[in-house]
>>> print(open('target-v7.cif').read())   # mmCIF, C-alpha atoms
data_entry
loop_
_atom_site.label_atom_id
_atom_site.label_comp_id
_atom_site.auth_asym_id
_atom_site.auth_seq_id
_atom_site.Cartn_x
_atom_site.Cartn_y
_atom_site.Cartn_z
CA LEU A 92 27.48 -36.63 48.79
CA THR A 93 29.23 -35.60 45.62
CA ASP A 94 32.35 -37.70 45.81
CA PRO A 95 33.40 -38.71 42.32
CA ASP A 96 32.70 -42.39 42.99
CA SER A 97 29.03 -41.82 43.62
CA PHE A 98 28.26 -38.83 41.44
CA ASP A 99 30.02 -37.25 38.50
CA GLU A 100 28.82 -33.67 38.62
CA THR A 101 30.72 -32.74 35.48
CA ALA A 102 28.55 -35.16 33.48
CA LEU A 103 25.43 -33.31 34.53
CA THR A 104 26.94 -29.87 33.90
CA ARG A 105 28.25 -30.89 30.49
CA LEU A 106 24.87 -32.29 29.45
CA GLN A 107 23.11 -29.18 30.66
CA GLU A 108 25.41 -27.07 28.49
CA MET A 109 24.44 -29.20 25.52
CA VAL A 110 20.68 -29.57 25.91
CA GLY A 111 19.88 -26.48 27.99
CA ALA A 112 18.61 -26.06 31.54
CA ASP A 113 14.93 -26.71 30.72
CA VAL A 114 15.46 -30.07 29.06
CA MET A 115 17.90 -31.11 31.78
CA LYS A 116 15.37 -30.20 34.46
CA GLU A 117 12.79 -32.44 32.76
CA VAL A 118 15.30 -35.28 32.41
CA VAL A 119 16.24 -35.09 36.09
CA GLU A 120 12.56 -34.97 37.13
CA LEU A 121 11.83 -38.05 35.02
CA TYR A 122 14.85 -39.84 36.46
CA ARG A 123 13.70 -39.04 40.01
CA GLU A 124 10.16 -40.18 39.22
CA HIS A 125 11.15 -43.46 37.60
CA THR A 126 14.09 -44.62 39.71
CA PRO A 127 11.96 -45.76 42.71
CA GLN A 128 9.66 -47.61 40.27
CA ARG A 129 12.62 -49.43 38.74
CA ILE A 130 13.96 -50.45 42.13
CA GLU A 131 10.47 -51.61 43.13
CA ALA A 132 10.16 -53.60 39.88
CA ALA A 133 13.45 -55.32 40.75
CA ARG A 134 12.24 -56.07 44.30
CA GLU A 135 9.00 -57.47 42.92
CA GLY A 136 10.94 -59.62 40.45
CA LEU A 137 13.08 -60.92 43.30
CA ARG A 138 10.01 -61.67 45.48
CA SER A 139 8.24 -63.55 42.71
CA GLY A 140 11.42 -65.25 41.48
CA VAL A 141 11.23 -63.75 37.99
CA LEU A 142 14.85 -62.70 37.72
CA GLU A 143 14.34 -61.55 34.15
CA HIS A 144 12.33 -58.64 35.54
CA VAL A 145 15.18 -57.79 37.91
CA ALA A 146 17.63 -57.84 35.01
CA ARG A 147 15.42 -55.68 32.82
CA ALA A 148 14.75 -53.05 35.50
CA MET A 149 18.46 -52.86 36.30
CA HIS A 150 19.43 -52.70 32.62
CA THR A 151 17.28 -49.59 32.26
CA LEU A 152 18.36 -48.01 35.54
CA LYS A 153 22.01 -48.59 34.66
CA SER A 154 21.79 -46.49 31.50
CA SER A 155 19.58 -43.81 33.07
CA ALA A 156 22.03 -43.43 35.94
CA ALA A 157 25.02 -43.39 33.59
CA MET A 158 23.51 -40.59 31.53
CA ILE A 159 23.10 -38.19 34.43
CA GLY A 160 26.42 -39.16 36.04
CA ALA A 161 25.14 -41.25 38.97
CA SER A 162 28.18 -43.51 38.77
CA ARG A 163 27.66 -45.54 41.94
CA VAL A 164 24.04 -46.36 41.05
CA GLU A 165 25.18 -47.28 37.55
CA THR A 166 27.86 -49.66 38.85
CA LEU A 167 25.50 -51.36 41.28
CA ALA A 168 22.66 -51.65 38.77
CA SER A 169 25.07 -53.16 36.27
CA ARG A 170 26.26 -55.71 38.84
CA LEU A 171 22.65 -56.58 39.76
CA GLU A 172 21.76 -57.02 36.10
CA GLN A 173 24.62 -59.48 35.69
CA LEU A 174 23.77 -61.41 38.84
CA ALA A 175 20.11 -61.65 37.82
CA THR A 176 21.07 -62.79 34.32
CA GLN A 177 23.27 -65.50 35.85
CA GLY A 178 20.36 -66.56 38.09
CA ARG A 179 22.25 -65.85 41.31
CA SER A 180 19.25 -64.82 43.39
CA GLU A 181 20.93 -65.40 46.78
CA THR A 182 23.28 -62.43 46.32
CA LEU A 183 20.67 -60.07 44.92
CA ALA A 184 18.87 -58.88 48.06
CA PRO A 185 21.86 -57.29 49.88
CA GLN A 186 23.07 -55.73 46.63
CA LEU A 187 19.64 -54.28 46.02
CA ASP A 188 19.71 -52.72 49.50
CA GLU A 189 23.05 -51.17 48.69
CA LEU A 190 21.69 -49.82 45.43
CA GLU A 191 18.71 -48.30 47.20
CA THR A 192 21.04 -46.45 49.60
CA ALA A 193 23.13 -45.14 46.70
CA ALA A 194 19.98 -44.07 44.83
CA ALA A 195 18.72 -42.25 47.93
CA ARG A 196 21.99 -40.29 48.08
CA VAL A 197 21.62 -39.26 44.47
CA GLU A 198 18.01 -38.31 45.16
CA SER A 199 18.98 -35.96 48.01
CA TYR A 200 21.73 -34.46 45.89
CA LEU A 201 19.34 -33.83 43.00
CA ARG A 202 16.69 -32.43 45.35
CA ALA A 203 19.22 -30.05 46.91
CA ARG A 204 20.34 -29.00 43.46
CA GLU A 205 16.86 -27.89 42.40
CA MET B 135 15.77 -30.07 8.97
CA ALA B 136 16.10 -33.84 9.27
CA ARG B 137 13.54 -35.68 11.42
CA VAL B 138 14.73 -38.38 13.78
CA LEU B 139 12.47 -40.88 15.49
CA VAL B 140 13.76 -41.90 18.93
CA VAL B 141 12.53 -45.32 20.09
CA GLU B 142 13.19 -45.64 23.80
CA ASP B 143 10.99 -46.99 26.58
CA SER B 144 12.75 -45.16 29.39
CA PRO B 145 11.18 -41.64 29.52
CA ASP B 146 14.18 -39.89 31.09
CA GLN B 147 16.59 -41.36 28.55
CA ALA B 148 14.19 -40.61 25.68
CA ARG B 149 13.93 -36.95 26.73
CA LEU B 150 17.69 -36.58 26.97
CA ILE B 151 18.30 -38.27 23.62
CA ALA B 152 15.69 -36.02 21.97
CA GLY B 153 17.35 -33.02 23.66
CA LEU B 154 20.77 -33.99 22.31
CA LEU B 155 19.37 -34.39 18.81
CA GLU B 156 17.57 -31.04 19.02
CA SER B 157 20.77 -29.36 20.17
CA GLY B 158 22.41 -30.86 17.07
CA GLY B 159 19.84 -29.20 14.82
CA PHE B 160 17.50 -32.15 14.26
CA THR B 161 13.79 -32.48 14.92
CA ALA B 162 13.22 -35.35 17.33
CA GLU B 163 10.07 -37.35 17.92
CA ILE B 164 9.76 -39.98 20.64
CA ALA B 165 8.11 -43.42 20.40
CA PRO B 166 8.07 -45.27 23.75
CA THR B 167 7.75 -48.73 22.17
CA GLY B 168 8.57 -50.51 18.92
CA GLU B 169 4.85 -50.80 18.17
CA ARG B 170 4.38 -47.05 18.52
CA ALA B 171 7.42 -46.48 16.32
CA ILE B 172 5.84 -48.52 13.54
CA GLU B 173 2.58 -46.56 13.88
CA ALA B 174 4.46 -43.26 13.75
CA MET B 175 6.39 -44.38 10.68
CA ALA B 176 3.20 -45.40 8.90
CA LYS B 177 1.91 -41.84 9.32
CA SER B 178 5.11 -40.15 8.26
CA PRO B 179 8.45 -41.94 7.84
CA PRO B 180 11.33 -40.04 9.48
CA ASP B 181 14.74 -39.49 7.91
CA LEU B 182 16.42 -41.74 10.47
CA VAL B 183 15.56 -43.92 13.48
CA VAL B 184 17.56 -44.16 16.70
CA THR B 185 16.49 -47.14 18.80
CA ASP B 186 17.06 -48.84 22.10
CA LEU B 187 17.49 -52.62 21.85
CA ILE B 188 15.98 -54.12 24.96
CA MET B 189 12.34 -53.03 25.19
CA PRO B 190 9.08 -54.68 26.14
CA GLY B 191 7.08 -55.86 23.11
CA ILE B 192 8.88 -55.46 19.81
CA ASN B 193 12.58 -55.24 20.62
CA GLY B 194 15.24 -53.35 18.68
CA LEU B 195 16.17 -56.34 16.52
CA GLU B 196 12.61 -56.95 15.35
CA LEU B 197 12.16 -53.24 14.76
CA VAL B 198 15.25 -53.15 12.52
CA GLU B 199 13.88 -56.09 10.53
CA ARG B 200 10.47 -54.48 10.05
CA ILE B 201 11.95 -51.13 9.06
CA LYS B 202 14.25 -52.83 6.59
CA GLU B 203 11.25 -54.57 5.05
CA ARG B 204 8.94 -51.58 4.81
CA TYR B 205 11.24 -48.56 4.79
CA PRO B 206 14.58 -49.73 3.38
CA HIS B 207 15.67 -46.11 2.83
CA VAL B 208 15.40 -45.17 6.50
CA PRO B 209 18.67 -45.89 8.32
CA VAL B 210 18.52 -47.20 11.89
CA ILE B 211 21.12 -46.43 14.56
CA LEU B 212 21.21 -48.68 17.63
CA MET B 213 21.88 -47.51 21.16
CA THR B 214 23.79 -50.23 22.98
CA ALA B 215 24.64 -50.93 26.61
CA PHE B 216 26.55 -53.72 28.32
CA GLY B 217 24.23 -56.68 28.10
CA SER B 218 22.82 -55.87 24.67
CA GLY B 219 25.90 -56.83 22.61
CA GLU B 220 24.48 -60.05 21.18
CA ILE B 221 21.24 -58.51 20.01
CA ALA B 222 23.08 -55.46 18.61
CA ALA B 223 25.39 -57.72 16.62
CA ARG B 224 22.37 -59.48 15.09
CA ALA B 225 20.63 -56.18 14.34
CA LEU B 226 23.74 -54.92 12.53
CA GLN B 227 23.85 -58.10 10.48
CA ASN B 228 20.16 -57.64 9.70
CA GLY B 229 20.34 -54.11 8.41
CA ALA B 230 21.09 -51.51 11.10
CA ALA B 231 23.36 -48.72 9.87
CA SER B 232 25.46 -48.06 12.95
CA TYR B 233 25.43 -47.99 16.73
CA VAL B 234 26.36 -45.71 19.60
CA PRO B 235 27.03 -46.98 23.13
CA LYS B 236 24.58 -45.35 25.54
CA ARG B 237 27.46 -44.19 27.71
CA ARG B 238 28.79 -42.19 24.77
CA LEU B 239 25.56 -40.61 23.52
CA HIS B 240 26.52 -37.07 24.58
CA ASP B 241 29.71 -37.26 22.53
CA GLU B 242 28.82 -39.46 19.60
CA LEU B 243 25.08 -39.50 18.91
CA VAL B 244 24.81 -36.28 16.92
CA SER B 245 27.96 -36.92 14.87
CA THR B 246 26.89 -40.52 14.12
CA VAL B 247 23.42 -39.35 13.01
CA ARG B 248 25.03 -36.72 10.77
CA GLU B 249 27.46 -39.17 9.20
CA THR B 250 24.78 -41.80 8.64
CA LEU B 251 22.44 -39.27 7.04
CA SER B 252 25.21 -38.01 4.79
CA VAL B 253 25.83 -41.55 3.57
CA ALA B 254 22.11 -42.30 3.16
CA HIS B 255 21.30 -39.05 1.35
CA ALA B 256 24.30 -39.24 -0.86
CA ARG B 257 23.19 -42.71 -1.88
CA ARG B 258 19.78 -41.46 -2.95
CA GLU B 259 21.16 -38.51 -4.88
CA GLU B 260 23.93 -40.24 -6.74
CA ARG B 261 22.45 -42.28 -9.59
CA ARG B 262 24.91 -41.88 -12.38
CA ILE B 263 25.14 -44.60 -14.97
CA ILE B 264 28.55 -45.68 -16.09
CA ASP B 265 27.87 -47.62 -19.25
CA TYR B 266 29.77 -50.57 -20.59
CA LEU B 267 32.15 -50.76 -17.71
CA GLN B 268 33.38 -54.31 -17.15
CA ASP B 269 36.04 -53.98 -14.56
CA SER B 270 37.52 -50.80 -13.21
CA GLU B 271 40.23 -49.61 -10.93
CA HIS B 272 40.18 -46.16 -9.40
CA ARG B 273 42.91 -44.60 -7.34
CA PHE B 274 42.44 -41.67 -4.97
CA VAL B 275 45.00 -39.73 -2.96
CA LEU B 276 43.29 -37.91 -0.10
CA GLU B 277 44.25 -35.22 2.36
CA ASN B 278 43.28 -35.76 5.97
CA ASP B 279 39.93 -34.04 5.50
CA PRO B 280 36.84 -35.96 6.64
CA ASN B 281 34.70 -33.75 4.37
CA LEU B 282 36.11 -35.67 1.41
CA VAL B 283 34.64 -38.91 2.71
CA PRO B 284 30.86 -38.49 2.08
CA PRO B 285 31.23 -37.54 -1.63
CA LEU B 286 33.66 -40.40 -2.11
CA VAL B 287 31.25 -42.85 -0.47
CA ALA B 288 28.44 -41.46 -2.66
CA TRP B 289 30.56 -41.97 -5.76
CA LEU B 290 31.27 -45.58 -4.81
CA GLN B 291 27.63 -46.33 -4.02
CA GLY B 292 26.51 -44.73 -7.28
CA THR B 293 29.07 -46.77 -9.18
CA ILE B 294 27.98 -50.04 -7.58
CA ARG B 295 24.32 -49.18 -8.10
CA SER B 296 24.86 -48.48 -11.78
CA ARG B 297 26.56 -51.82 -12.31
CA ILE B 298 24.69 -54.28 -10.18
CA GLU B 299 20.98 -54.61 -10.81
CA ARG B 300 18.56 -54.61 -7.89
CA PHE B 301 21.33 -54.24 -5.37
CA ASP B 302 20.04 -54.35 -1.81
CA ASP B 303 19.78 -50.78 -0.46
CA THR B 304 20.68 -51.75 3.07
CA GLU B 305 23.79 -53.54 1.92
CA LEU B 306 24.79 -50.55 -0.16
CA MET B 307 24.45 -48.34 2.89
CA GLN B 308 26.51 -50.77 4.96
CA ILE B 309 29.31 -50.80 2.37
CA GLY B 310 29.23 -47.00 2.52
CA ILE B 311 29.54 -47.02 6.29
CA ALA B 312 32.40 -49.52 6.26
CA LEU B 313 34.33 -47.40 3.74
CA HIS B 314 33.53 -44.25 5.72
CA GLU B 315 34.87 -45.79 8.93
CA ALA B 316 38.00 -47.14 7.24
CA LEU B 317 38.85 -43.78 5.66
CA ILE B 318 38.29 -41.82 8.88
CA ASN B 319 40.44 -44.40 10.72
CA ALA B 320 43.22 -43.90 8.18
CA MET B 321 43.05 -40.10 8.50
CA HIS B 322 42.67 -39.73 12.24
CA HIS B 323 44.33 -42.80 13.72
CA GLY B 324 46.75 -43.61 10.90
CA ASN B 325 48.06 -40.32 9.57
CA LEU B 326 47.36 -37.95 12.47
CA GLU B 327 48.19 -40.64 15.06
CA VAL B 328 45.31 -39.59 17.29
CA SER B 329 44.41 -42.68 19.28
CA SER B 330 40.75 -43.63 19.30
CA GLU B 331 41.18 -44.50 22.96
CA LEU B 332 41.36 -40.76 23.59
CA ARG B 333 37.65 -40.70 22.85
CA ASP B 334 37.09 -42.65 26.03
CA ALA B 335 38.46 -39.62 27.87
CA GLY B 336 35.99 -37.34 26.09
CA GLY B 337 35.46 -36.18 22.53
CA GLU B 338 36.84 -32.72 23.30
CA VAL B 339 40.41 -33.93 23.89
CA TYR B 340 40.21 -36.09 20.79
CA ARG B 341 39.05 -33.23 18.58
CA GLU B 342 41.58 -30.77 19.99
CA LEU B 343 44.47 -33.10 19.24
CA ILE B 344 43.23 -33.55 15.67
CA GLU B 345 43.11 -29.76 15.21
CA GLN B 346 46.61 -29.46 16.61
CA ARG B 347 48.06 -32.18 14.38
CA LEU B 348 46.47 -30.62 11.29
CA LYS B 349 48.66 -27.57 11.90
CA ASP B 350 51.82 -29.69 12.01
CA ALA B 351 53.18 -30.43 8.51
CA GLY B 352 54.75 -33.68 9.76
CA TYR B 353 51.27 -35.09 10.25
CA ARG B 354 49.18 -32.91 7.94
CA ASP B 355 51.10 -33.68 4.77
CA ARG B 356 50.59 -37.43 5.05
CA ARG B 357 48.05 -38.80 2.59
CA VAL B 358 45.48 -41.58 2.45
CA PHE B 359 45.65 -43.80 -0.64
CA LEU B 360 42.48 -45.52 -1.72
CA THR B 361 42.27 -48.05 -4.51
CA VAL B 362 38.83 -49.26 -5.55
CA ASN B 363 38.52 -52.27 -7.79
CA LEU B 364 35.04 -53.10 -8.97
CA SER B 365 34.03 -56.03 -11.10
CA ALA B 366 30.72 -57.79 -11.57
CA SER B 367 31.64 -60.28 -8.89
CA GLU B 368 33.27 -58.21 -6.16
CA LEU B 369 34.32 -54.90 -4.75
CA VAL B 370 37.83 -54.56 -3.33
CA CYS B 371 38.87 -51.39 -1.51
CA VAL B 372 42.45 -50.98 -0.30
CA ILE B 373 43.08 -48.10 2.08
CA ARG B 374 46.62 -47.19 3.05
CA ASP B 375 47.86 -44.37 5.26
CA GLU B 376 51.34 -42.97 5.83
CA GLY B 377 51.32 -43.29 9.60
CA PRO B 378 53.49 -45.71 11.58
CA GLY B 379 50.71 -48.33 11.63
CA PHE B 380 49.80 -50.60 14.51
CA ASP B 381 49.93 -54.25 15.41
CA PRO B 382 46.69 -55.62 13.97
CA ARG B 383 46.88 -58.49 16.48
CA SER B 384 46.67 -56.00 19.36
CA VAL B 385 43.07 -55.04 18.49
CA ALA B 386 40.41 -56.79 20.55
CA ASP B 387 38.56 -59.31 18.38
CA PRO B 388 36.36 -56.95 16.34
CA THR B 389 33.90 -59.73 15.58
CA ALA B 390 33.03 -60.46 19.22
CA PRO B 391 29.75 -58.82 20.29
CA GLN B 392 31.14 -58.10 23.76
CA ASN B 393 33.62 -55.69 22.15
CA LEU B 394 30.82 -53.55 20.78
CA GLU B 395 31.06 -51.36 23.84
CA LYS B 396 34.72 -50.50 23.28
CA VAL B 397 34.48 -47.06 21.72
CA SER B 398 37.91 -47.43 20.22
CA GLY B 399 36.92 -50.50 18.25
CA ARG B 400 33.58 -49.28 16.92
CA GLY B 401 34.77 -48.52 13.37
CA LEU B 402 36.51 -51.86 13.02
CA TYR B 403 33.51 -53.68 14.41
CA LEU B 404 31.24 -52.12 11.78
CA ILE B 405 33.76 -52.86 9.03
CA TRP B 406 34.03 -56.54 10.01
CA THR B 407 30.26 -56.89 10.29
CA PHE B 408 29.44 -55.22 7.00
CA MET B 409 32.16 -56.58 4.69
CA ASP B 410 32.75 -60.18 3.57
CA ARG B 411 36.53 -60.15 4.02
CA VAL B 412 38.82 -57.77 5.90
CA ALA B 413 42.61 -57.94 6.04
CA HIS B 414 45.36 -55.77 7.50
CA ASN B 415 48.91 -55.73 6.23
CA GLU B 416 51.72 -56.68 8.64
CA THR B 417 52.57 -53.09 9.54
CA GLY B 418 48.96 -52.12 10.18
CA ASN B 419 48.83 -49.10 7.87
CA GLN B 420 46.77 -50.77 5.17
CA ILE B 421 43.37 -52.39 5.27
CA THR B 422 41.66 -54.33 2.50
CA LEU B 423 37.86 -54.58 2.40
CA VAL B 424 36.13 -57.09 0.16
CA LYS B 425 32.43 -57.39 -0.66
CA GLN B 426 31.28 -60.19 -2.89
CA PHE B 427 28.38 -59.81 -5.27
CA GLU B 428 27.87 -63.44 -6.28
CA LYS B 429 24.64 -63.64 -4.35
CA HIS B 430 23.28 -60.77 -6.39
CA VAL B 431 21.99 -61.03 -9.90
CA GLU B 432 24.38 -60.53 -12.77
CA ALA B 433 25.84 -57.15 -13.52
CA VAL B 434 23.86 -54.93 -15.86
CA HIS B 435 26.46 -55.22 -18.56
#
>>> encode(input="target-v7.cif", output="structure tokens")
Amino acid sequence: LTDPDSFDETALTRLQEMVGADVMKEVVELYREHTPQRIEAAREGLRSGVLEHVARAMHTLKSSAAMIGASRVETLASRLEQLATQGRSETLAPQLDELETAAARVESYLRARE
Amino acid sequence: MARVLVVEDSPDQARLIAGLLESGGFTAEIAPTGERAIEAMAKSPPDLVVTDLIMPGINGLELVERIKERYPHVPVILMTAFGSGEIAARALQNGAASYVPKRRLHDELVSTVRETLSVAHARREERRIIDYLQDSEHRFVLENDPNLVPPLVAWLQGTIRSRIERFDDTELMQIGIALHEALINAMHHGNLEVSSELRDAGGEVYRELIEQRLKDAGYRDRRVFLTVNLSASELVCVIRDEGPGFDPRSVADPTAPQNLEKVSGRGLYLIWTFMDRVAHNETGNQITLVKQFEKHVEAVH
């Protein structure tokens, strides 16, 4: 669950030391609330063929994930953003599934950490 | 306490950015869109704006342009991510003061805001008139103390301001930032030989090595030499350090937007964007920055 490839716990701890536990709790709650929406926005973009929406949702998720140390989600979101920008829709669906699995792992980690 | 307006459409990122700024002693306000940022600024302009680039509605580039038009004294710092290099490059050309990669916010946001504010405030405070000066050369010999940089930048901006009528405020700020970056490069990377790549590993390691080197006379006693030549037509700054230098050809092309994300090249990127000509000597321990004033009206005297 917390292998360094999928989650960088030190990033979260370091941030918490800087901004305090209360702010970090809010940030994590907002991340958990918005991540499913971003993945759904990407799915919707893929369904309707508007790859720009996929790219935008992944651009945002990439940075949000990076900030809290969700490295695997960040990597996958970044890859999806690039594929969507290049218009390579055929490869997007399986990658999006993979991202969803990685995001679910982060979600259970964050829930357990509460 | 300085007020910073954070323009970011992602609520989790916005909260974290505001938290980082608050922990650095600033008051932070959040605007979720460019439109809301403009409304907030109309009510009460902040001391500085930190903005995302890719947002629905008004994007970061348009926001920079509008702020430059209406609030030329308010510096804007961009937050960049892979994929926003092109737009960031244009925003820097159009008046943004600096940028911080989103991946590096925890380490670099607060210090970049502080440095930018020090340059911007100094510019406002320093309005000395140097009469009848036609052409001047000034030579400085500096210790490796970054605290010397803001007053020096203020002096230079005040000097330019007093000589060139109606000089563009944004451009003056950008010259200040380029000089600031070049001097810090000479102190930290040149004289103290602390590689900027160490920052990629975390700011802590970078800062510790600087502290350590400042205790070692072999590094500490090296000096930075700055020569400023100002005429009505151009500004030429030559900055030399006493370190071993580097191969200027080894640096990734500092003018390519895709290199914006390389933390180690940030200073050089800003320098190349903000100045008209930049040159390194062969040994890499001297950099020459040139800004031309031809496009501005004639000098006061």
>>> closest_atom_pairs(input="target-v7.cif", of="chain A", to="chain B", cutoff="12 Å", atoms="all atoms listed in the file", output="tab-separated table")
residue	atom	partner	partner_atom	distance
A:Thr101	CA	B:Gly336	CA	11.7
A:Ala102	CA	B:His240	CA	9.3
A:Leu103	CA	B:His240	CA	10.7
A:Thr104	CA	B:His240	CA	11.8
A:Arg105	CA	B:His240	CA	8.7
A:Leu106	CA	B:His240	CA	7.0
A:Gln107	CA	B:Gly153	CA	9.8
A:Glu108	CA	B:Ser157	CA	9.8
A:Met109	CA	B:Ser157	CA	6.5
A:Val110	CA	B:Gly153	CA	5.3
A:Gly111	CA	B:Gly153	CA	8.2
A:Ala112	CA	B:Gly153	CA	10.6
A:Asp113	CA	B:Gly153	CA	9.8
A:Val114	CA	B:Gly153	CA	6.4
A:Met115	CA	B:Leu150	CA	7.3
A:Lys116	CA	B:Leu150	CA	10.1
A:Glu117	CA	B:Arg149	CA	7.6
A:Val118	CA	B:Asp146	CA	4.9
A:Val119	CA	B:Asp146	CA	7.2
A:Glu120	CA	B:Asp146	CA	8.0
A:Leu121	CA	B:Asp146	CA	4.9
A:Tyr122	CA	B:Asp146	CA	5.4
A:Arg123	CA	B:Asp146	CA	9.0
A:Glu124	CA	B:Asp146	CA	9.1
A:His125	CA	B:Asp146	CA	8.0
A:Thr126	CA	B:Asp146	CA	9.8
A:Gln128	CA	B:Ser144	CA	11.6
A:Arg129	CA	B:Ser144	CA	10.3
A:Glu143	CA	B:Pro190	CA	11.8
A:His144	CA	B:Pro190	CA	10.7
A:Ala146	CA	B:Gly217	CA	9.6
A:Arg147	CA	B:Ile188	CA	8.0
A:Ala148	CA	B:Ser144	CA	10.2
A:Met149	CA	B:Gly217	CA	10.7
A:His150	CA	B:Gly217	CA	7.7
A:Thr151	CA	B:Ser144	CA	7.0
A:Leu152	CA	B:Ser144	CA	8.8
A:Lys153	CA	B:Ala215	CA	8.8
A:Ser154	CA	B:Lys236	CA	6.7
A:Ser155	CA	B:Gln147	CA	5.9
A:Ala156	CA	B:Gln147	CA	9.4
A:Ala157	CA	B:Arg237	CA	6.4
A:Met158	CA	B:Arg237	CA	6.6
A:Ile159	CA	B:Gln147	CA	9.3
A:Gly160	CA	B:Arg237	CA	9.8
A:Ala161	CA	B:Arg237	CA	11.9
A:Ser162	CA	B:Arg237	CA	11.1
A:Glu165	CA	B:Arg237	CA	10.6
A:Thr166	CA	B:Phe216	CA	11.4
A:Ala168	CA	B:Phe216	CA	11.3
A:Ser169	CA	B:Phe216	CA	8.1
A:Arg170	CA	B:Phe216	CA	10.7
A:Leu171	CA	B:Gly217	CA	11.8
A:Glu172	CA	B:Gly217	CA	8.4
A:Gln173	CA	B:Gly217	CA	8.1
A:Leu174	CA	B:Gly217	CA	11.7
A:Ala175	CA	B:Gly217	CA	11.7
A:Thr176	CA	B:Gly217	CA	9.3
A:Gln177	CA	B:Gly217	CA	11.8
>>> resolve_selection(input="target-v7.cif", expression="the PyMOL selection byres ((chain A and resi 195) around 12)", output="ChimeraX atom specification")
/A:92,97,123,126-127,130,161,163-164,188-194,196-202
>>> atom_distance(input="target-v7.cif", atom1="atom CA of B:Thr246", atom2="atom CA of B:His314")
11.3 Å
>>> atom_distance(input="target-v7.cif", atom1="atom CA of B:Arg297", atom2="atom CA of B:Val412")
22.7 Å
>>> residues_around(input="target-v7.cif", residues="B:Gly310", least_positions_apart="5", cutoff="9 Å", atoms="all atoms listed in the file", output="ChimeraX atom specification")
/B:253-254,257,284,287-288,290-291,305,315
>>> write_last_selection(input="target-v7.cif", atoms="C-alpha atoms", output="compact mmCIF listing (two decimals), keeping the file's coordinate frame")
# COMPACT_ATOMS: atom_id res chain seq x y z
CA VAL B 253 25.83 -41.55 3.57
CA ALA B 254 22.11 -42.30 3.16
CA ARG B 257 23.19 -42.71 -1.88
CA PRO B 284 30.86 -38.49 2.08
CA VAL B 287 31.25 -42.85 -0.47
CA ALA B 288 28.44 -41.46 -2.66
CA LEU B 290 31.27 -45.58 -4.81
CA GLN B 291 27.63 -46.33 -4.02
CA GLU B 305 23.79 -53.54 1.92
CA GLU B 315 34.87 -45.79 8.93
>>> resolve_selection(input="target-v7.cif", expression="the PyMOL selection byres ((chain B and resi 411) around 8)", output="JSON, numbers by chain")
{"B": [406, 409, 410, 412, 413, 422, 423, 424, 425]}
